[in-house]
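Colleague: Got a file for you: run-v2.txt, compact mmCIF, N, CA and C atoms.
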```
# COMPACT_ATOMS: atom_id res chain seq x y z
N PRO D 1 0.82 -1.18 0.00
CA PRO D 1 0.00 0.00 0.00
C PRO D 1 0.86 1.24 0.00
N GLU D 2 0.41 2.19 -0.76
CA GLU D 2 1.14 3.45 -0.83
C GLU D 2 0.74 4.34 0.32
N THR D 3 1.75 5.07 0.82
CA THR D 3 1.44 6.02 1.88
C THR D 3 1.26 7.37 1.25
N PRO D 4 0.17 8.04 1.57
CA PRO D 4 -0.06 9.34 0.96
C PRO D 4 0.95 10.36 1.49
N GLU D 5 1.40 11.21 0.61
CA GLU D 5 2.33 12.24 1.02
C GLU D 5 1.56 13.36 1.68
N THR D 6 2.13 13.86 2.75
CA THR D 6 1.47 14.99 3.40
C THR D 6 1.87 16.26 2.68
N PRO D 7 0.93 17.16 2.51
CA PRO D 7 1.27 18.40 1.82
C PRO D 7 2.29 19.20 2.62
N GLU D 8 3.20 19.82 1.91
CA GLU D 8 4.24 20.58 2.57
C GLU D 8 3.73 21.98 2.84
N THR D 9 3.85 22.38 4.08
CA THR D 9 3.43 23.72 4.47
C THR D 9 4.68 24.55 4.72
N PRO D 10 4.55 25.87 4.79
CA PRO D 10 5.73 26.69 5.07
C PRO D 10 6.41 26.33 6.38
N GLU D 11 5.62 25.87 7.36
CA GLU D 11 6.21 25.50 8.65
C GLU D 11 7.07 24.25 8.53
N THR D 12 6.57 23.24 7.79
CA THR D 12 7.33 22.00 7.67
C THR D 12 8.54 22.16 6.78
N SER D 13 8.43 22.99 5.75
CA SER D 13 9.58 23.17 4.86
C SER D 13 10.68 23.98 5.54
N ALA D 14 10.32 24.89 6.45
CA ALA D 14 11.32 25.71 7.13
C ALA D 14 12.06 24.90 8.18
N THR D 15 11.42 23.91 8.77
CA THR D 15 12.05 23.14 9.85
C THR D 15 12.80 21.93 9.33
N ARG D 16 12.54 21.55 8.11
CA ARG D 16 13.18 20.36 7.56
C ARG D 16 14.63 20.68 7.19
N GLU D 17 15.52 19.75 7.45
CA GLU D 17 16.94 19.89 7.11
C GLU D 17 17.09 19.86 5.59
N PRO D 18 17.94 20.72 5.04
CA PRO D 18 18.16 20.64 3.59
C PRO D 18 18.88 19.35 3.24
N ALA D 19 18.56 18.84 2.09
CA ALA D 19 19.18 17.59 1.64
C ALA D 19 20.67 17.82 1.42
N ALA D 20 21.46 16.91 1.92
CA ALA D 20 22.92 17.03 1.76
C ALA D 20 23.29 16.74 0.31
N LEU D 21 24.12 17.58 -0.24
CA LEU D 21 24.59 17.35 -1.60
C LEU D 21 25.65 16.26 -1.58
N PRO D 22 25.66 15.41 -2.58
CA PRO D 22 26.70 14.38 -2.59
C PRO D 22 28.08 15.02 -2.77
N GLN D 23 29.04 14.49 -2.06
CA GLN D 23 30.41 14.99 -2.18
C GLN D 23 30.95 14.57 -3.55
N ARG D 24 31.41 15.56 -4.28
CA ARG D 24 31.98 15.28 -5.59
C ARG D 24 33.46 15.59 -5.55
N SER D 25 34.20 14.75 -6.14
CA SER D 25 35.64 14.97 -6.20
C SER D 25 35.95 16.02 -7.26
N THR D 26 36.79 16.95 -6.89
CA THR D 26 37.20 17.97 -7.85
C THR D 26 38.47 17.56 -8.57
N ARG D 27 38.94 16.37 -8.29
CA ARG D 27 40.20 15.92 -8.86
C ARG D 27 40.19 15.90 -10.39
N ARG D 28 39.09 15.42 -10.99
CA ARG D 28 39.04 15.35 -12.45
C ARG D 28 39.05 16.74 -13.08
N VAL D 29 38.31 17.66 -12.48
CA VAL D 29 38.28 19.03 -13.01
C VAL D 29 39.67 19.66 -12.86
N TRP D 30 40.29 19.45 -11.70
CA TRP D 30 41.61 20.01 -11.44
C TRP D 30 42.63 19.44 -12.43
N LEU D 31 42.60 18.15 -12.64
CA LEU D 31 43.55 17.52 -13.57
C LEU D 31 43.30 17.96 -15.02
N ALA D 32 42.04 18.13 -15.39
CA ALA D 32 41.73 18.62 -16.74
C ALA D 32 42.24 20.04 -16.93
N GLY D 33 42.09 20.88 -15.91
CA GLY D 33 42.60 22.25 -15.97
C GLY D 33 44.11 22.28 -16.07
N LEU D 34 44.76 21.43 -15.29
CA LEU D 34 46.23 21.34 -15.33
C LEU D 34 46.69 20.87 -16.71
N ALA D 35 46.02 19.87 -17.25
CA ALA D 35 46.40 19.36 -18.58
C ALA D 35 46.22 20.45 -19.64
N ALA D 36 45.11 21.19 -19.56
CA ALA D 36 44.87 22.27 -20.52
C ALA D 36 45.93 23.36 -20.40
N ALA D 37 46.28 23.72 -19.16
CA ALA D 37 47.31 24.75 -18.95
C ALA D 37 48.66 24.29 -19.49
N LEU D 38 49.02 23.04 -19.23
CA LEU D 38 50.29 22.52 -19.73
C LEU D 38 50.30 22.44 -21.26
N LEU D 39 49.18 22.05 -21.84
CA LEU D 39 49.08 21.97 -23.29
C LEU D 39 49.22 23.36 -23.91
N CYS D 40 48.52 24.33 -23.34
CA CYS D 40 48.61 25.70 -23.87
C CYS D 40 50.02 26.26 -23.70
N ALA D 41 50.60 26.06 -22.52
CA ALA D 41 51.93 26.63 -22.25
C ALA D 41 53.01 25.90 -23.02
N GLY D 42 52.89 24.59 -23.14
CA GLY D 42 53.96 23.82 -23.75
C GLY D 42 53.88 23.68 -25.25
N VAL D 43 52.69 23.74 -25.82
CA VAL D 43 52.54 23.48 -27.25
C VAL D 43 51.94 24.68 -27.98
N VAL D 44 50.78 25.12 -27.53
CA VAL D 44 50.05 26.17 -28.25
C VAL D 44 50.80 27.50 -28.21
N SER D 45 51.56 27.73 -27.15
CA SER D 45 52.27 29.01 -27.02
C SER D 45 53.25 29.25 -28.17
N PHE D 46 53.73 28.21 -28.79
CA PHE D 46 54.66 28.37 -29.91
C PHE D 46 54.00 29.08 -31.08
N TYR D 47 52.69 28.89 -31.20
CA TYR D 47 51.96 29.47 -32.33
C TYR D 47 51.43 30.87 -32.04
N ALA D 48 51.75 31.42 -30.89
CA ALA D 48 51.31 32.78 -30.55
C ALA D 48 52.00 33.77 -31.49
N SER D 49 51.37 34.88 -31.69
CA SER D 49 51.90 35.89 -32.61
C SER D 49 53.20 36.49 -32.09
N ALA D 50 54.15 36.67 -32.98
CA ALA D 50 55.41 37.32 -32.61
C ALA D 50 55.28 38.84 -32.74
N SER D 51 54.16 39.30 -33.26
CA SER D 51 53.94 40.74 -33.38
C SER D 51 53.74 41.35 -32.01
N PRO D 52 54.10 42.61 -31.85
CA PRO D 52 53.92 43.25 -30.55
C PRO D 52 52.44 43.33 -30.17
N ASP D 53 52.16 43.22 -28.87
CA ASP D 53 50.78 43.35 -28.42
C ASP D 53 50.38 44.82 -28.40
N GLY D 54 49.18 45.12 -27.98
CA GLY D 54 48.66 46.49 -28.02
C GLY D 54 49.52 47.50 -27.31
N LEU D 55 49.96 47.19 -26.09
CA LEU D 55 50.75 48.14 -25.33
C LEU D 55 52.12 48.38 -25.99
N GLU D 56 52.74 47.30 -26.45
CA GLU D 56 54.04 47.45 -27.12
C GLU D 56 53.90 48.25 -28.41
N LYS D 57 52.81 48.04 -29.14
CA LYS D 57 52.60 48.76 -30.39
C LYS D 57 52.41 50.26 -30.14
N VAL D 58 51.62 50.60 -29.14
CA VAL D 58 51.41 52.01 -28.81
C VAL D 58 52.73 52.64 -28.37
N ALA D 59 53.50 51.92 -27.55
CA ALA D 59 54.80 52.45 -27.10
C ALA D 59 55.72 52.70 -28.29
N HIS D 60 55.69 51.80 -29.27
CA HIS D 60 56.52 51.98 -30.46
C HIS D 60 56.01 53.15 -31.32
N ASP D 61 54.70 53.19 -31.52
CA ASP D 61 54.11 54.26 -32.34
C ASP D 61 54.36 55.65 -31.75
N LYS D 62 54.35 55.76 -30.44
CA LYS D 62 54.52 57.05 -29.78
C LYS D 62 55.98 57.35 -29.42
N GLY D 63 56.88 56.41 -29.71
CA GLY D 63 58.30 56.63 -29.45
C GLY D 63 58.71 56.42 -28.00
N ILE D 64 57.80 55.89 -27.20
CA ILE D 64 58.11 55.66 -25.79
C ILE D 64 59.15 54.56 -25.62
N ASP D 65 59.12 53.58 -26.51
CA ASP D 65 60.05 52.46 -26.37
C ASP D 65 61.50 52.85 -26.65
N ALA D 66 61.75 54.03 -27.20
CA ALA D 66 63.12 54.48 -27.44
C ALA D 66 63.86 54.71 -26.13
N LYS D 67 63.10 54.96 -25.07
CA LYS D 67 63.69 55.19 -23.75
C LYS D 67 63.82 53.90 -22.94
N ALA D 68 63.40 52.79 -23.51
CA ALA D 68 63.41 51.52 -22.78
C ALA D 68 64.83 51.09 -22.44
N GLU D 69 64.96 50.51 -21.26
CA GLU D 69 66.26 49.99 -20.80
C GLU D 69 66.10 48.51 -20.53
N ASP D 70 67.23 47.80 -20.53
CA ASP D 70 67.19 46.38 -20.18
C ASP D 70 66.76 46.23 -18.72
N HIS D 71 65.99 45.20 -18.47
CA HIS D 71 65.54 44.96 -17.11
C HIS D 71 66.54 44.10 -16.35
N ALA D 72 66.40 44.05 -15.04
CA ALA D 72 67.35 43.35 -14.19
C ALA D 72 67.38 41.84 -14.44
N ALA D 73 66.27 41.29 -14.93
CA ALA D 73 66.19 39.84 -15.14
C ALA D 73 66.51 39.43 -16.56
N LYS D 74 67.14 40.30 -17.34
CA LYS D 74 67.38 40.00 -18.76
C LYS D 74 68.30 38.81 -18.97
N ASP D 75 69.12 38.48 -17.99
CA ASP D 75 70.03 37.34 -18.11
C ASP D 75 69.56 36.14 -17.29
N SER D 76 68.32 36.17 -16.83
CA SER D 76 67.81 35.05 -16.01
C SER D 76 67.58 33.83 -16.90
N PRO D 77 67.47 32.66 -16.29
CA PRO D 77 67.31 31.42 -17.08
C PRO D 77 66.04 31.38 -17.93
N LEU D 78 65.01 32.16 -17.57
CA LEU D 78 63.75 32.12 -18.32
C LEU D 78 63.43 33.45 -18.98
N ALA D 79 64.43 34.25 -19.26
CA ALA D 79 64.21 35.57 -19.88
C ALA D 79 63.66 35.42 -21.30
N ASP D 80 62.84 36.36 -21.70
CA ASP D 80 62.25 36.42 -23.05
C ASP D 80 61.47 35.16 -23.42
N TYR D 81 60.75 34.61 -22.46
CA TYR D 81 59.86 33.46 -22.70
C TYR D 81 60.58 32.26 -23.31
N GLY D 82 61.78 32.00 -22.86
CA GLY D 82 62.53 30.85 -23.32
C GLY D 82 63.48 30.40 -22.24
N VAL D 83 64.04 29.21 -22.42
CA VAL D 83 65.01 28.67 -21.47
C VAL D 83 66.39 28.89 -22.05
N ARG D 84 67.23 29.56 -21.27
CA ARG D 84 68.59 29.85 -21.74
C ARG D 84 69.33 28.54 -22.04
N ASP D 85 70.20 28.58 -22.99
CA ASP D 85 71.05 27.47 -23.41
C ASP D 85 70.31 26.35 -24.15
N ILE D 86 69.05 26.57 -24.52
CA ILE D 86 68.34 25.63 -25.38
C ILE D 86 68.12 26.34 -26.70
N SER D 87 68.74 25.83 -27.75
CA SER D 87 68.73 26.54 -29.03
C SER D 87 67.44 26.35 -29.83
N ASP D 88 66.74 25.24 -29.64
CA ASP D 88 65.50 25.00 -30.36
C ASP D 88 64.41 25.91 -29.78
N ALA D 89 63.92 26.86 -30.59
CA ALA D 89 62.97 27.86 -30.11
C ALA D 89 61.67 27.22 -29.62
N ARG D 90 61.19 26.21 -30.31
CA ARG D 90 59.95 25.53 -29.91
C ARG D 90 60.12 24.86 -28.56
N LEU D 91 61.19 24.12 -28.38
CA LEU D 91 61.44 23.43 -27.12
C LEU D 91 61.70 24.43 -25.99
N SER D 92 62.47 25.45 -26.28
CA SER D 92 62.81 26.46 -25.28
C SER D 92 61.57 27.20 -24.78
N GLY D 93 60.72 27.63 -25.69
CA GLY D 93 59.50 28.34 -25.31
C GLY D 93 58.50 27.44 -24.60
N GLY D 94 58.36 26.22 -25.09
CA GLY D 94 57.44 25.27 -24.46
C GLY D 94 57.88 24.91 -23.06
N LEU D 95 59.17 24.68 -22.89
CA LEU D 95 59.69 24.34 -21.57
C LEU D 95 59.54 25.52 -20.61
N ALA D 96 59.77 26.72 -21.09
CA ALA D 96 59.58 27.91 -20.24
C ALA D 96 58.12 28.02 -19.82
N GLY D 97 57.20 27.73 -20.72
CA GLY D 97 55.78 27.77 -20.38
C GLY D 97 55.41 26.74 -19.34
N VAL D 98 55.92 25.52 -19.50
CA VAL D 98 55.63 24.46 -18.54
C VAL D 98 56.22 24.80 -17.17
N ILE D 99 57.43 25.36 -17.16
CA ILE D 99 58.05 25.77 -15.89
C ILE D 99 57.21 26.88 -15.25
N GLY D 100 56.70 27.80 -16.06
CA GLY D 100 55.84 28.87 -15.54
C GLY D 100 54.56 28.33 -14.95
N VAL D 101 53.93 27.37 -15.60
CA VAL D 101 52.72 26.75 -15.07
C VAL D 101 53.03 26.07 -13.74
N GLY D 102 54.14 25.35 -13.69
CA GLY D 102 54.53 24.68 -12.45
C GLY D 102 54.79 25.66 -11.31
N ALA D 103 55.48 26.75 -11.62
CA ALA D 103 55.77 27.76 -10.59
C ALA D 103 54.48 28.42 -10.11
N THR D 104 53.59 28.74 -11.03
CA THR D 104 52.31 29.34 -10.66
C THR D 104 51.48 28.38 -9.81
N LEU D 105 51.47 27.12 -10.18
CA LEU D 105 50.75 26.11 -9.41
C LEU D 105 51.34 25.98 -8.01
N ALA D 106 52.66 25.97 -7.90
CA ALA D 106 53.30 25.84 -6.59
C ALA D 106 52.98 27.03 -5.69
N VAL D 107 53.10 28.24 -6.22
CA VAL D 107 52.82 29.44 -5.41
C VAL D 107 51.33 29.50 -5.05
N GLY D 108 50.47 29.25 -6.02
CA GLY D 108 49.03 29.28 -5.75
C GLY D 108 48.61 28.23 -4.73
N SER D 109 49.16 27.03 -4.84
CA SER D 109 48.85 25.98 -3.88
C SER D 109 49.35 26.34 -2.49
N GLY D 110 50.53 26.93 -2.44
CA GLY D 110 51.07 27.36 -1.14
C GLY D 110 50.20 28.39 -0.47
N VAL D 111 49.74 29.38 -1.24
CA VAL D 111 48.84 30.40 -0.68
C VAL D 111 47.54 29.76 -0.23
N PHE D 112 46.99 28.86 -1.03
CA PHE D 112 45.75 28.19 -0.68
C PHE D 112 45.89 27.41 0.62
N ILE D 113 46.99 26.69 0.78
CA ILE D 113 47.21 25.89 1.99
C ILE D 113 47.34 26.80 3.21
N VAL D 114 48.08 27.89 3.08
CA VAL D 114 48.25 28.81 4.21
C VAL D 114 46.90 29.42 4.61
N VAL D 115 46.12 29.86 3.65
CA VAL D 115 44.82 30.46 3.95
C VAL D 115 43.90 29.43 4.59
N ARG D 116 43.88 28.23 4.08
CA ARG D 116 43.02 27.19 4.64
C ARG D 116 43.42 26.85 6.07
N ARG D 117 44.72 26.77 6.35
CA ARG D 117 45.17 26.49 7.72
C ARG D 117 44.83 27.62 8.66
N ARG D 118 45.00 28.86 8.21
CA ARG D 118 44.64 30.01 9.06
C ARG D 118 43.15 30.02 9.35
N ARG D 119 42.36 29.73 8.35
CA ARG D 119 40.92 29.71 8.54
C ARG D 119 40.53 28.60 9.51
N ALA D 120 41.14 27.43 9.39
CA ALA D 120 40.84 26.32 10.30
C ALA D 120 41.27 26.67 11.72
N THR D 121 42.41 27.32 11.88
CA THR D 121 42.89 27.72 13.20
C THR D 121 41.95 28.75 13.82
N ALA D 122 41.51 29.71 13.03
CA ALA D 122 40.59 30.74 13.53
C ALA D 122 39.27 30.14 13.93
N GLU D 123 38.76 29.17 13.17
CA GLU D 123 37.49 28.53 13.50
C GLU D 123 37.61 27.69 14.75
N SER D 124 38.74 27.01 14.96
CA SER D 124 38.92 26.19 16.14
C SER D 124 39.08 27.06 17.40
N GLU D 125 39.63 28.25 17.26
CA GLU D 125 39.75 29.16 18.39
C GLU D 125 38.41 29.76 18.78
N ARG D 126 37.53 29.96 17.81
CA ARG D 126 36.20 30.53 18.08
C ARG D 126 35.27 29.53 18.75
N GLY D 127 35.38 28.32 18.38
CA GLY D 127 34.33 27.43 18.85
C GLY D 127 34.83 26.13 19.21
```
Could you express the structure from this file as structure tokens?
Modeller:
Amino acid sequence: PETPETPETPETSATREPAALPQRSTRRVWLAGLAAALLCAGVVSFYASASPDGLEKVAHDKGIDAKAEDHAAKDSPLADYGVRDISDARLSGGLAGVIGVGATLAVGSGVFIVVRRRRATAESERG
């Protein structure tokens, strides 16, 4: 026998616990994002335009770039979007992009972990 459902009133709906959402793993989304970033940085970046971007073009058109000086990191291992001492431009640029993605991931993860620990510590002190 079927049990008839009782009509839901505003009182019963307000007192009822909300249904718990199923826990979903974000691992697949995170890995897909990482794969896309590595693909773009390591492969697609080679096909980016070598033409100056908007800001560089305006600086050139207005003569501002004539006053440009070399920056302090011009001799760094990853200067000019490439890895020093690697002569193949495609490999050098792709490797620099992958290293950049890794560095960004490391710094971002570190900040996330610190913020999460501080938040957990603050919550445990409150209650």
Colleague: In Å to one decimal, how far is CA of Gly42 in chain D from CA of Asp80 in chain D?
Modeller: 15.1 Å
Colleague: Between atom C of Gly94 in chain D and atom C of Pro77 in chain D, what distance in Å does the model show, to one decimal?
Modeller: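 Atom C of Gly94 in chain D sits 11.6 Å away from atom C of Pro77 in chain D.
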Colleague: In Å, with one decimal, what is the gap from CA of Ile86 in chain D to CA of Leu39 in chain D?
Modeller: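 Separating CA of Ile86 in chain D from CA of Leu39 in chain D is a distance of 19.7 Å.
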Colleague: Using only N, CA and C atoms, which of the listed residues (D:Gln23, D:Arg28, D:Phe46, D:Glu123) sits closest to Leu91 in chain D?
Modeller: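 Using only N, CA and C atoms, the shortest distance to Leu91 in chain D belongs to D:Phe46.
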Colleague: What parts of range 20-127 of chain D does DSSP call alpha helix (DSSP H)? I'd like the answer as number ranges by chain.
Modeller: D: 27-42, 54-61, 89-126
Colleague: Which residues are near range 98-105 of chain D? Cut-off 12 Å, only C-alpha atoms, ignore same chain within fewer than 4 positions. Put them as an MDAnalysis selection string.
Modeller: chainID D and resid 30:31 33:45 77:79 81:83 91:94 109:113
